[in-house]
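Have a look at entry.txt below; it lists compact mmCIF, C-alpha atoms and all ligand atoms.
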```txt
# COMPACT_ATOMS: atom_id res chain seq x y z
CA MET A 268 79.66 130.90 97.30
CA THR A 269 81.34 131.06 93.93
CA THR A 270 80.64 132.61 90.57
CA SER A 271 78.67 129.47 89.75
CA GLY A 272 76.40 130.38 92.66
CA ARG A 273 77.00 127.02 94.26
CA LYS A 274 78.41 126.52 97.74
CA VAL A 275 81.91 125.14 98.10
CA SER A 276 82.42 121.71 99.63
CA LEU A 277 85.95 120.62 100.47
CA THR A 278 87.25 117.16 101.31
CA GLY A 279 90.81 116.11 102.08
CA ILE A 280 91.90 112.51 101.68
CA LYS A 281 94.96 111.29 103.52
CA PRO A 282 97.11 109.09 101.25
CA THR A 283 98.12 106.42 103.72
CA GLY A 284 96.95 103.22 102.07
CA GLU A 285 95.48 101.41 99.12
CA PRO A 286 91.80 102.36 98.62
CA HIS A 287 89.36 99.55 99.46
CA ILE A 288 85.67 98.93 98.83
CA GLY A 289 84.83 100.24 102.32
CA ASN A 290 86.30 103.62 101.29
CA TYR A 291 84.24 103.48 98.13
CA ILE A 292 80.95 103.06 100.00
CA GLY A 293 81.83 105.27 102.98
CA ALA A 294 83.61 108.17 101.30
CA ILE A 295 83.81 108.04 97.51
CA LYS A 296 80.16 107.32 96.68
CA PRO A 297 78.81 110.04 98.97
CA ALA A 298 81.39 112.41 97.48
CA LEU A 299 80.15 111.69 93.96
CA GLU A 300 76.66 112.64 95.09
CA LEU A 301 77.88 115.84 96.77
CA ALA A 302 79.72 116.86 93.61
CA GLU A 303 76.32 117.22 91.94
CA GLN A 304 75.16 119.74 94.50
CA TYR A 305 78.24 121.73 95.40
CA GLU A 306 81.24 123.33 93.82
CA ALA A 307 83.36 120.43 94.99
CA MET A 308 87.05 120.51 95.86
CA TYR A 309 89.08 117.40 96.70
CA PHE A 310 92.68 117.36 97.69
CA ILE A 311 95.25 114.75 98.60
CA ALA A 312 96.46 115.59 102.11
CA ASP A 313 100.05 114.47 101.59
CA TYR A 314 101.44 116.74 104.31
CA HIS A 315 99.02 115.21 106.78
CA ALA A 316 100.20 111.75 105.73
CA LEU A 317 103.77 112.77 106.55
CA THR A 318 102.97 112.57 110.27
CA THR A 319 103.08 108.79 109.87
CA VAL A 320 104.42 107.72 106.45
CA ARG A 321 108.22 107.45 106.39
CA ASP A 322 108.81 105.94 102.96
CA PRO A 323 109.11 108.45 100.07
CA GLU A 324 108.26 105.91 97.36
CA LEU A 325 105.20 104.83 99.26
CA LEU A 326 104.01 108.40 99.86
CA ARG A 327 104.38 109.19 96.15
CA HIS A 328 102.55 106.00 95.23
CA TYR A 329 99.69 106.50 97.68
CA SER A 330 99.26 110.14 96.65
CA ARG A 331 98.90 109.26 92.97
CA SER A 332 96.86 106.20 93.74
CA VAL A 333 94.29 108.10 95.81
CA ALA A 334 93.95 110.79 93.12
CA ALA A 335 93.63 108.16 90.37
CA THR A 336 91.03 106.27 92.42
CA TRP A 337 88.75 109.23 92.96
CA LEU A 338 88.98 110.25 89.32
CA ALA A 339 88.43 106.68 88.09
CA ALA A 340 85.42 106.39 90.39
CA GLY A 341 83.72 109.14 88.44
CA LEU A 342 84.76 112.57 89.64
CA ASP A 343 84.90 114.73 86.54
CA PRO A 344 88.00 116.95 86.60
CA GLU A 345 86.17 119.45 84.38
CA ARG A 346 83.55 119.99 87.05
CA ILE A 347 85.46 119.53 90.28
CA THR A 348 88.86 120.69 91.51
CA MET A 349 91.35 118.01 92.50
CA TYR A 350 94.82 118.93 93.74
CA LEU A 351 97.71 117.93 95.93
CA GLN A 352 97.93 119.79 99.23
CA SER A 353 101.68 120.18 98.73
CA ASP A 354 101.05 122.04 95.45
CA VAL A 355 99.35 124.85 97.40
CA PRO A 356 102.12 126.43 99.49
CA GLU A 357 99.75 129.18 100.70
CA THR A 358 98.52 126.52 103.12
CA PHE A 359 101.62 127.00 105.25
CA GLU A 360 101.42 130.73 105.57
CA LEU A 361 97.86 130.39 106.76
CA THR A 362 98.81 127.52 109.09
CA TRP A 363 101.29 129.74 110.91
CA ILE A 364 98.94 132.69 111.14
CA LEU A 365 96.16 130.46 112.45
CA SER A 366 98.47 128.87 115.01
CA CYS A 367 98.95 132.35 116.45
CA VAL A 368 95.23 132.62 117.23
CA THR A 369 94.74 129.01 118.35
CA ALA A 370 94.65 128.19 122.05
CA LYS A 371 97.21 125.56 122.98
CA GLY A 372 94.75 124.11 125.48
CA MET A 373 92.39 123.33 122.63
CA MET A 374 95.11 121.33 120.85
CA ASN A 375 95.75 119.43 124.09
CA ARG A 376 92.16 118.24 123.89
CA ALA A 377 92.30 117.06 120.25
CA HIS A 378 91.16 113.42 120.00
CA ALA A 379 94.16 112.01 118.12
CA TYR A 380 96.67 113.64 120.44
CA LYS A 381 94.75 112.64 123.55
CA ALA A 382 94.50 109.06 122.31
CA ALA A 383 98.29 108.91 121.86
CA ARG A 384 98.77 110.12 125.45
CA ASP A 385 96.23 107.60 126.74
CA ARG A 386 98.10 104.80 124.99
CA ASN A 387 101.34 105.94 126.66
CA ALA A 388 99.61 106.08 130.04
CA GLU A 389 98.17 102.58 129.57
CA SER A 390 101.54 101.12 128.70
CA GLY A 391 103.01 102.68 131.86
CA LYS A 392 105.23 105.27 130.13
CA GLU A 393 106.28 108.17 132.32
CA ASP A 394 106.44 110.66 129.43
CA LEU A 395 102.90 110.81 128.07
CA ASP A 396 104.17 112.65 124.97
CA ALA A 397 106.59 109.86 124.06
CA GLY A 398 106.54 109.17 120.32
CA VAL A 399 104.23 112.12 119.54
CA ASN A 400 105.64 114.40 116.85
CA MET A 401 104.75 118.08 116.41
CA GLY A 402 103.04 117.22 113.13
CA THR A 403 100.51 115.11 115.00
CA TYR A 404 100.07 117.84 117.58
CA ASN A 405 99.59 120.58 114.97
CA TYR A 406 97.50 118.39 112.67
CA PRO A 407 94.22 120.20 113.44
CA VAL A 408 95.73 123.62 112.65
CA LEU A 409 97.01 122.43 109.27
CA MET A 410 93.58 120.98 108.59
CA ALA A 411 91.91 124.26 109.58
CA ALA A 412 94.20 126.02 107.09
CA ASP A 413 93.18 123.58 104.31
CA ILE A 414 89.54 124.33 104.99
CA LEU A 415 89.66 128.09 105.58
CA LEU A 416 92.03 128.75 102.68
CA MET A 417 89.34 127.72 100.19
CA ASP A 418 86.45 129.67 101.76
CA SER A 419 84.76 126.30 102.23
CA ASP A 420 81.07 126.38 103.06
CA VAL A 421 80.82 122.73 104.01
CA VAL A 422 83.24 119.94 104.85
CA PRO A 423 81.79 116.47 104.30
CA VAL A 424 83.82 114.10 106.45
CA GLY A 425 83.26 111.01 108.55
CA LYS A 426 82.37 111.23 112.22
CA ASP A 427 85.98 110.54 113.21
CA GLN A 428 86.94 113.88 111.63
CA SER A 429 84.13 116.02 112.99
CA GLN A 430 86.13 117.46 115.87
CA HIS A 431 88.67 118.77 113.36
CA VAL A 432 85.98 120.64 111.46
CA GLU A 433 84.63 122.09 114.71
CA TYR A 434 88.16 123.25 115.50
CA ALA A 435 88.45 124.89 112.10
CA ALA A 436 85.20 126.78 112.73
CA ASP A 437 86.43 127.76 116.18
CA ILE A 438 89.79 128.97 114.89
CA ALA A 439 88.12 130.99 112.13
CA GLY A 440 85.92 132.57 114.81
CA SER A 441 88.98 133.52 116.90
CA PHE A 442 90.69 135.00 113.87
CA ASN A 443 87.65 137.05 112.88
CA HIS A 444 87.26 138.24 116.46
CA LEU A 445 90.91 139.24 116.89
CA PHE A 446 91.65 140.64 113.44
CA GLY A 447 88.38 141.11 111.64
CA GLY A 448 87.10 144.05 113.64
CA GLY A 449 83.64 142.52 113.35
CA LYS A 450 84.06 141.51 109.70
CA PRO A 451 84.03 137.84 108.72
CA VAL A 452 87.47 137.74 107.06
CA LEU A 453 87.46 133.93 107.18
CA LYS A 454 84.36 131.98 106.29
CA ILE A 455 83.06 129.73 109.10
CA PRO A 456 82.68 126.21 107.65
CA ALA A 457 79.87 123.81 108.48
CA LEU A 458 80.26 120.09 109.05
CA VAL A 459 78.37 117.67 106.86
CA VAL A 460 78.46 113.99 107.79
CA PRO A 461 77.65 111.93 104.69
CA GLU A 462 74.68 109.66 105.21
CA ALA A 463 76.69 106.54 104.54
CA ASP A 464 78.72 107.30 107.63
CA THR A 465 75.81 107.48 110.01
CA GLY A 466 74.49 104.04 109.19
CA LYS A 467 76.04 100.66 108.58
CA THR A 468 79.69 99.96 108.02
CA LEU A 469 80.91 97.42 105.53
CA PRO A 470 82.17 94.12 106.95
CA GLY A 471 85.64 92.93 105.93
CA THR A 472 86.95 89.50 104.93
CA ASP A 473 86.93 88.38 108.58
CA GLY A 474 83.44 89.68 109.34
CA ARG A 475 84.67 92.63 111.44
CA LYS A 476 84.34 96.23 110.18
CA MET A 477 86.41 96.60 107.02
CA SER A 478 89.49 98.55 108.04
CA LYS A 479 93.12 98.87 107.05
CA SER A 480 94.12 98.33 110.66
CA TYR A 481 92.41 94.92 110.76
CA ASP A 482 94.04 93.87 107.50
CA ASN A 483 90.66 92.58 106.28
CA THR A 484 89.99 94.88 103.32
CA ILE A 485 88.97 94.13 99.76
CA PRO A 486 91.12 96.50 97.68
CA LEU A 487 89.04 98.48 95.22
CA PHE A 488 91.02 97.68 92.11
CA LEU A 489 92.04 94.10 92.58
CA GLU A 490 92.29 92.04 89.38
CA SER A 491 89.40 89.61 88.84
CA ALA A 492 91.14 86.38 89.89
CA LYS A 493 92.39 87.87 93.15
CA LEU A 494 89.06 89.51 93.83
CA LYS A 495 87.35 86.14 93.47
CA LYS A 496 89.77 84.54 95.93
CA LEU A 497 89.22 87.26 98.53
CA VAL A 498 85.45 87.05 98.23
CA ARG A 499 85.74 83.30 98.83
CA ARG A 500 87.54 84.01 102.10
CA ILE A 501 84.65 85.93 103.69
CA PRO A 502 83.50 83.77 106.62
CA THR A 503 80.06 82.14 106.56
CA ASP A 504 78.31 79.80 108.98
CA SER A 505 77.62 76.12 108.42
CA THR A 506 73.92 76.34 107.53
CA PRO A 507 73.26 73.63 104.91
CA VAL A 508 72.48 74.72 101.35
CA GLU A 509 68.81 73.79 101.54
CA ASP A 510 68.08 75.65 104.82
CA PRO A 511 66.64 79.20 104.96
CA LYS A 512 69.24 81.86 105.76
CA ASP A 513 69.12 85.29 107.38
CA PRO A 514 70.57 87.75 104.81
CA ASP A 515 71.12 90.50 107.36
CA SER A 516 73.51 88.48 109.47
CA SER A 517 75.62 87.51 106.45
CA SER A 518 78.73 89.61 105.68
CA VAL A 519 78.56 88.50 102.05
CA PHE A 520 75.00 89.79 101.70
CA GLN A 521 75.80 93.04 103.49
CA ILE A 522 78.51 93.79 100.95
CA LEU A 523 76.33 92.69 98.05
CA GLU A 524 73.54 95.00 99.17
CA GLN A 525 75.84 98.02 98.84
CA PHE A 526 76.89 97.27 95.29
CA ALA A 527 73.99 95.43 93.61
CA THR A 528 70.91 97.08 92.10
CA PRO A 529 67.79 97.07 94.34
CA ASP A 530 66.23 94.42 92.06
CA VAL A 531 69.12 92.00 92.44
CA THR A 532 69.28 92.64 96.19
CA THR A 533 65.56 91.93 96.66
CA ASP A 534 65.74 88.77 94.57
CA VAL A 535 68.78 87.39 96.42
CA ARG A 536 67.19 88.25 99.78
CA LYS A 537 64.06 86.28 98.89
CA ARG A 538 66.02 83.29 97.65
CA LEU A 539 68.22 83.17 100.79
CA GLU A 540 65.18 83.35 103.04
CA ALA A 541 63.46 80.57 101.10
CA GLY A 542 66.45 78.20 101.38
CA GLY A 543 68.18 76.32 98.59
CA VAL A 544 70.92 78.88 98.00
CA GLY A 545 74.32 78.00 99.43
CA TRP A 546 76.95 80.48 100.63
CA GLY A 547 79.17 79.47 97.72
CA GLU A 548 76.53 80.55 95.23
CA LEU A 549 76.02 83.82 97.10
CA LYS A 550 79.75 84.47 96.97
CA ASN A 551 79.76 83.89 93.22
CA THR A 552 76.97 86.43 92.85
CA LEU A 553 78.89 88.94 94.99
CA PHE A 554 82.03 88.43 92.94
CA GLU A 555 80.13 88.97 89.67
CA VAL A 556 78.43 92.11 90.94
CA LEU A 557 81.72 93.58 92.21
CA ASP A 558 83.66 92.63 89.11
CA GLU A 559 81.06 94.08 86.78
CA LYS A 560 80.78 97.32 88.73
CA LEU A 561 84.49 97.82 89.43
CA GLY A 562 85.94 96.43 86.17
CA PRO A 563 85.57 99.64 84.12
CA LEU A 564 86.79 101.76 87.03
CA ARG A 565 89.83 99.50 87.37
CA ALA A 566 90.69 99.95 83.70
CA ARG A 567 90.56 103.75 84.04
CA TYR A 568 92.58 103.58 87.28
CA ASP A 569 95.29 101.48 85.61
CA GLU A 570 95.48 103.99 82.77
CA LEU A 571 95.85 106.93 85.14
CA MET A 572 98.53 105.14 87.14
CA LEU A 573 100.79 104.62 84.12
CA PRO A 574 103.88 106.84 84.23
CA GLY A 575 103.31 109.85 81.96
CA SER A 576 99.50 109.62 82.12
CA GLU A 577 97.41 112.77 82.22
CA LEU A 578 97.16 112.48 86.02
CA THR A 579 100.12 114.82 86.53
CA ASP A 580 98.59 117.50 84.32
CA LEU A 581 95.16 117.10 85.89
CA LEU A 582 96.62 117.64 89.35
CA ALA A 583 98.67 120.62 88.17
CA ALA A 584 95.58 122.22 86.63
CA GLY A 585 93.67 121.56 89.86
CA ALA A 586 96.40 123.23 91.90
CA ASP A 587 96.31 126.29 89.61
CA LYS A 588 92.59 126.65 90.21
CA ALA A 589 92.92 126.10 93.94
CA ARG A 590 95.74 128.64 94.22
CA VAL A 591 93.61 131.37 92.71
CA ARG A 592 91.19 130.95 95.62
CA ALA A 593 94.02 130.52 98.11
CA ARG A 594 95.72 133.76 97.08
CA GLU A 595 92.50 135.69 97.37
CA VAL A 596 91.79 134.43 100.88
CA LEU A 597 95.39 134.90 101.96
CA GLY A 598 95.26 138.45 100.60
CA ARG A 599 92.36 139.20 102.96
CA VAL A 600 94.19 137.57 105.84
CA ARG A 601 97.39 139.53 105.23
CA GLU A 602 95.46 142.74 104.98
CA ALA A 603 93.66 142.03 108.26
CA THR A 604 96.82 141.05 110.15
CA GLY A 605 99.25 143.67 108.86
CA ILE A 606 101.59 141.14 107.23
CA GLN A 607 102.81 142.80 104.06
N1 LIG B 701 92.27 114.57 108.43
C1 LIG B 701 91.56 114.01 107.33
C2 LIG B 701 91.63 112.48 107.43
O1 LIG B 701 92.40 111.94 108.15
C3 LIG B 701 92.13 114.45 106.00
C4 LIG B 701 92.07 115.93 105.84
C5 LIG B 701 93.14 116.78 105.87
C6 LIG B 701 90.91 116.72 105.59
N2 LIG B 701 92.70 118.07 105.66
C7 LIG B 701 91.35 118.06 105.49
C8 LIG B 701 89.55 116.42 105.45
C9 LIG B 701 90.45 119.11 105.25
C10 LIG B 701 88.65 117.47 105.22
C11 LIG B 701 89.10 118.80 105.11
O2 LIG B 701 90.91 111.82 106.74
```
Would you mind giving the structure from this file in structure tokens?
Amino acid sequence: MTTSGRKVSLTGIKPTGEPHIGNYIGAIKPALELAEQYEAMYFIADYHALTTVRDPELLRHYSRSVAATWLAAGLDPERITMYLQSDVPETFELTWILSCVTAKGMMNRAHAYKAARDRNAESGKEDLDAGVNMGTYNYPVLMAADILLMDSDVVPVGKDQSQHVEYAADIAGSFNHLFGGGKPVLKIPALVVPEADTGKTLPGTDGRKMSKSYDNTIPLFLESAKLKKLVRRIPTDSTPVEDPKDPDSSSVFQILEQFATPDVTTDVRKRLEAGGVGWGELKNTLFEVLDEKLGPLRARYDELMLPGSELTDLLAAGADKARVRAREVLGRVREATGIQ
């Protein structure tokens, strides 16, 4: 709880790629809704990205791009706190302290690490740890530090990240048990899975789930002409124009439904079911809806991405705010552990 009386929600976003419309529906939109309810903190997890990204220019670009995206999408820097993880060095002190109360066996069971070992086993490698760096292994401890350092009440993340939040709660429990003498020095966070993540996923330009790893995404801030081309590439079946069509089995309609107003969605649904609307026409509608919705966001994004824009100052101000909280929590931790 903060002076505003609202609970703190914290979300980290790993800057490892260009944001796409699947991210918008799955992560950004729910985050905008949460920002109404909570004292919301968002940070760019650039140190987490370092476990895989090896290109400094790319890491810098992705970090700024993710921050610019979330701000352009409507997060108000006056009301929320947005910062770069690497601007809060307190994270590392807490990471080490937490690693001293974290069972190694628990890290052995972390999903991402286990998956890497399974892949090695499948490909017949003798060393199951081949290609696994310590950053990947320690990833959950760093993430626990991110969360616990801000006294987070809730952590809204997708299902793929839920184990990490459970680990953070577990590690906080161990710390409180070992050093707290019964007092809750670290706040135990709760997991919140945004609704959008429990239901449908957005299809990509090949009809499979939209995902960077399938290379089938529609980037969020594509210029109009390119956006139109990509929308045209979404696969459709060969039902003739005049025949009735099932909206729910159409990727184009499934995307439209997430971005159009309920009125437009209902109208298009009726017209598809009645027949007489071709896939080409539906794609034009989808393009118009996307372009109208994303156009203003794209303009703001482009502004923020210009060298010398206010993005740098916004992130610096966010880090100042975050560090005030971080120092307070770390003060309690130092006191409890005997580190001076
Ligand atoms: N691991 C998260 C992801 O891959 C990013 C992340 C890092 C995070 N630290 C966090 C999310 C703290 C929530 C809270 O998406």
(Q) Neighbours of ligand LIG 701 (chain B) at 9 Å or closer, counting only C-alpha atoms and all ligand atoms: which residues, as a ChimeraX atom specification? (A) /A:277-282,309-316,352,406-407,409-414,422-425,427-428,431-432
Let me see the file: selected residues, C-alpha atoms, as an mmCIF file, keeping the file's coordinate frame.
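Once written, selection_9.cif looks like this:
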```cif
data_model
loop_
_atom_site.group_PDB
_atom_site.id
_atom_site.type_symbol
_atom_site.label_atom_id
_atom_site.label_comp_id
_atom_site.auth_asym_id
_atom_site.auth_seq_id
_atom_site.Cartn_x
_atom_site.Cartn_y
_atom_site.Cartn_z
ATOM 1 C CA LEU A 277 85.950 120.620 100.470
ATOM 2 C CA THR A 278 87.250 117.160 101.310
ATOM 3 C CA GLY A 279 90.810 116.110 102.080
ATOM 4 C CA ILE A 280 91.900 112.510 101.680
ATOM 5 C CA LYS A 281 94.960 111.290 103.520
ATOM 6 C CA PRO A 282 97.110 109.090 101.250
ATOM 7 C CA TYR A 309 89.080 117.400 96.700
ATOM 8 C CA PHE A 310 92.680 117.360 97.690
ATOM 9 C CA ILE A 311 95.250 114.750 98.600
ATOM 10 C CA ALA A 312 96.460 115.590 102.110
ATOM 11 C CA ASP A 313 100.050 114.470 101.590
ATOM 12 C CA TYR A 314 101.440 116.740 104.310
ATOM 13 C CA HIS A 315 99.020 115.210 106.780
ATOM 14 C CA ALA A 316 100.200 111.750 105.730
ATOM 15 C CA GLN A 352 97.930 119.790 99.230
ATOM 16 C CA TYR A 406 97.500 118.390 112.670
ATOM 17 C CA PRO A 407 94.220 120.200 113.440
ATOM 18 C CA LEU A 409 97.010 122.430 109.270
ATOM 19 C CA MET A 410 93.580 120.980 108.590
ATOM 20 C CA ALA A 411 91.910 124.260 109.580
ATOM 21 C CA ALA A 412 94.200 126.020 107.090
ATOM 22 C CA ASP A 413 93.180 123.580 104.310
ATOM 23 C CA ILE A 414 89.540 124.330 104.990
ATOM 24 C CA VAL A 422 83.240 119.940 104.850
ATOM 25 C CA PRO A 423 81.790 116.470 104.300
ATOM 26 C CA VAL A 424 83.820 114.100 106.450
ATOM 27 C CA GLY A 425 83.260 111.010 108.550
ATOM 28 C CA ASP A 427 85.980 110.540 113.210
ATOM 29 C CA GLN A 428 86.940 113.880 111.630
ATOM 30 C CA HIS A 431 88.670 118.770 113.360
ATOM 31 C CA VAL A 432 85.980 120.640 111.460
#
```
**Q.** Option closest in space to A:Glu524, from A:Val355, A:Leu571, A:Leu342, A:Leu553 [counting all atoms listed in the file]
**A.** A:Leu553
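Shortest separation to A:Tyr404 among A:Ser518, A:Ser366, A:Gln607, A:Ser441 occurs at residue A:Ser366, atoms counted being only C-alpha atoms.
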Q: Would you kindly return, as a ChimeraX atom specification, each protein, DNA or RNA residue with an atom no farther than 10 Å from any atom of A:Ser478, considering all atoms listed in the file and excluding same-chain residues fewer than 2 positions away?
A: /A:287-290,468-472,475-476,480-485
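Taking atom CA of A:Ala383 as the reference point, atom CA of A:Met477 is found at 22.6 Å.
Picture a line from atom CA of A:Val556 to atom CA of A:Asp515; it runs 18.0 Å.
Comparing A:Val399, A:Leu416, A:Ile438, A:Leu557 by their smallest distance to A:Pro356, the closest is A:Leu416 (using all atoms listed in the file).
Counting all atoms listed in the file and comparing A:Pro344, A:Pro323, A:Gly447, A:Gly272, the residue that lies closest to A:Glu602 is A:Gly447.
The list of residues with at least one atom within 7 Å of A:Lys495, based on all atoms listed in the file and without residues fewer than 4 positions apart in the same chain, reads A:Ser491, A:Arg499, A:Phe554.
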Stretch 419-511 of chain A near stretch 302-308 of chain A within 10 Å: what's each residue's closest atom pair and its distance in Å to one decimal, counting all atoms listed in the file, ordered by chain then ascending residue number, as JSON lines?
```
{"residue": "A:Ser419", "atom": "CA", "partner": "A:Met308", "partner_atom": "CA", "distance": 8.9}
{"residue": "A:Asp420", "atom": "CA", "partner": "A:Tyr305", "partner_atom": "CA", "distance": 9.4}
{"residue": "A:Val421", "atom": "CA", "partner": "A:Tyr305", "partner_atom": "CA", "distance": 9.0}
{"residue": "A:Val422", "atom": "CA", "partner": "A:Met308", "partner_atom": "CA", "distance": 9.8}
```
Q. Stretch 331-334 of chain A: which residues within 8 Å, counting all atoms listed in the file, same-chain residues fewer than 4 positions away excluded, as JSON, numbers by chain?
A. {"A": [280, 282, 285, 286, 311, 327, 338, 349, 572, 578]}
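Close contacts of stretch 533-539 of chain A, defined as residues with an atom at most 12 Å away when counting all atoms listed in the file, with chain neighbours fewer than 6 positions off set aside, comprise Thr506, Pro507, Val508, Glu509, Asp510, Pro511, Lys512, Asp513, Pro514, Asp515, Ser516, Ser517, Val519, Phe520, Gln521, Leu523, Glu524, Ala527, Gly545, Trp546, Gly547, Glu548, Leu549, Lys550, Asn551, Thr552 and Leu553 of chain A.
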Could you dump the residues just selected with C-alpha atoms as a tab-separated table (two decimals), in the frame of the given file?
```tsv
chain	number	residue	atom	x	y	z
A	506	THR	CA	73.92	76.34	107.53
A	507	PRO	CA	73.26	73.63	104.91
A	508	VAL	CA	72.48	74.72	101.35
A	509	GLU	CA	68.81	73.79	101.54
A	510	ASP	CA	68.08	75.65	104.82
A	511	PRO	CA	66.64	79.20	104.96
A	512	LYS	CA	69.24	81.86	105.76
A	513	ASP	CA	69.12	85.29	107.38
A	514	PRO	CA	70.57	87.75	104.81
A	515	ASP	CA	71.12	90.50	107.36
A	516	SER	CA	73.51	88.48	109.47
A	517	SER	CA	75.62	87.51	106.45
A	519	VAL	CA	78.56	88.50	102.05
A	520	PHE	CA	75.00	89.79	101.70
A	521	GLN	CA	75.80	93.04	103.49
A	523	LEU	CA	76.33	92.69	98.05
A	524	GLU	CA	73.54	95.00	99.17
A	527	ALA	CA	73.99	95.43	93.61
A	545	GLY	CA	74.32	78.00	99.43
A	546	TRP	CA	76.95	80.48	100.63
A	547	GLY	CA	79.17	79.47	97.72
A	548	GLU	CA	76.53	80.55	95.23
A	549	LEU	CA	76.02	83.82	97.10
A	550	LYS	CA	79.75	84.47	96.97
A	551	ASN	CA	79.76	83.89	93.22
A	552	THR	CA	76.97	86.43	92.85
A	553	LEU	CA	78.89	88.94	94.99
```
Would you compute an axis-aligned box for stretch 560-571 of chain A, covering every atom listed for it in the file with 8 Å of margin on each side, and report centre and edge lengths in Å to one decimal as AutoDock Vina command-line options?
```
--center_x 88.3 --center_y 101.7 --center_z 86.1 --size_x 31.1 --size_y 26.5 --size_z 22.7
```
Per-residue nearest contacts stretch 398-502 of chain A to stretch 579-600 of chain A, cut-off 8 Å, using all atoms listed in the file, as JSON lines:
```
{"residue": "A:Leu416", "atom": "CA", "partner": "A:Ala593", "partner_atom": "CA", "distance": 5.3}
{"residue": "A:Met417", "atom": "CA", "partner": "A:Ala593", "partner_atom": "CA", "distance": 5.8}
{"residue": "A:Asp418", "atom": "CA", "partner": "A:Val596", "partner_atom": "CA", "distance": 7.2}
{"residue": "A:Val452", "atom": "CA", "partner": "A:Arg599", "partner_atom": "CA", "distance": 6.5}
{"residue": "A:Leu453", "atom": "CA", "partner": "A:Val596", "partner_atom": "CA", "distance": 7.7}
```
Q: May I have the residues at most 12 Å from (91.2, 124.4, 124.1) in the file's coordinates, counting all atoms listed in the file, as a PyMOL selection string?
A: chain A and resi 368-378+407+430+433-434+437-438+441
Q: Select, from A:Pro563, A:Pro502, A:Pro574, A:Gly448, the residue with the minimum atom-to-atom distance to A:Ala603, counting all atoms listed in the file.
A: A:Gly448
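For the set A:Val460, A:Ala541, A:Val275, A:Leu497, the residue with the smallest atom-to-atom gap to A:Pro297 is A:Val460, counting all atoms listed in the file.
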Could you pull stretch 340-344 of chain A out of the structure I just pasted and write it to a file containing all heavy atoms, as a short mmCIF file (atom, residue, chain, number, x, y, z; two decimals), in the first residue's frame?
```cif
data_model
loop_
_atom_site.label_atom_id
_atom_site.label_comp_id
_atom_site.auth_asym_id
_atom_site.auth_seq_id
_atom_site.Cartn_x
_atom_site.Cartn_y
_atom_site.Cartn_z
N ALA A 340 0.88 3.87 -26.00
CA ALA A 340 -0.39 3.15 -25.92
C ALA A 340 -1.33 3.77 -24.88
O ALA A 340 -2.49 3.40 -24.81
CB ALA A 340 -0.15 1.70 -25.59
N GLY A 341 -0.79 4.68 -24.06
CA GLY A 341 -1.72 5.38 -23.17
C GLY A 341 -1.36 5.38 -21.70
O GLY A 341 -2.10 5.93 -20.89
N LEU A 342 -0.23 4.78 -21.32
CA LEU A 342 0.16 4.88 -19.92
C LEU A 342 0.60 6.31 -19.65
O LEU A 342 1.40 6.86 -20.41
CB LEU A 342 1.30 3.91 -19.61
CG LEU A 342 0.92 2.44 -19.55
CD1 LEU A 342 2.15 1.59 -19.29
CD2 LEU A 342 -0.13 2.17 -18.47
N ASP A 343 0.07 6.89 -18.61
CA ASP A 343 0.35 8.29 -18.32
C ASP A 343 1.50 8.38 -17.32
O ASP A 343 1.35 7.97 -16.16
CB ASP A 343 -0.94 8.91 -17.73
CG ASP A 343 -0.74 10.32 -17.27
OD1 ASP A 343 0.39 10.84 -17.40
OD2 ASP A 343 -1.72 10.91 -16.77
N PRO A 344 2.66 8.90 -17.77
CA PRO A 344 3.82 8.90 -16.88
C PRO A 344 3.63 9.74 -15.61
O PRO A 344 4.38 9.59 -14.65
CB PRO A 344 4.95 9.48 -17.75
CG PRO A 344 4.29 10.08 -18.93
CD PRO A 344 2.95 9.45 -19.08
#
```
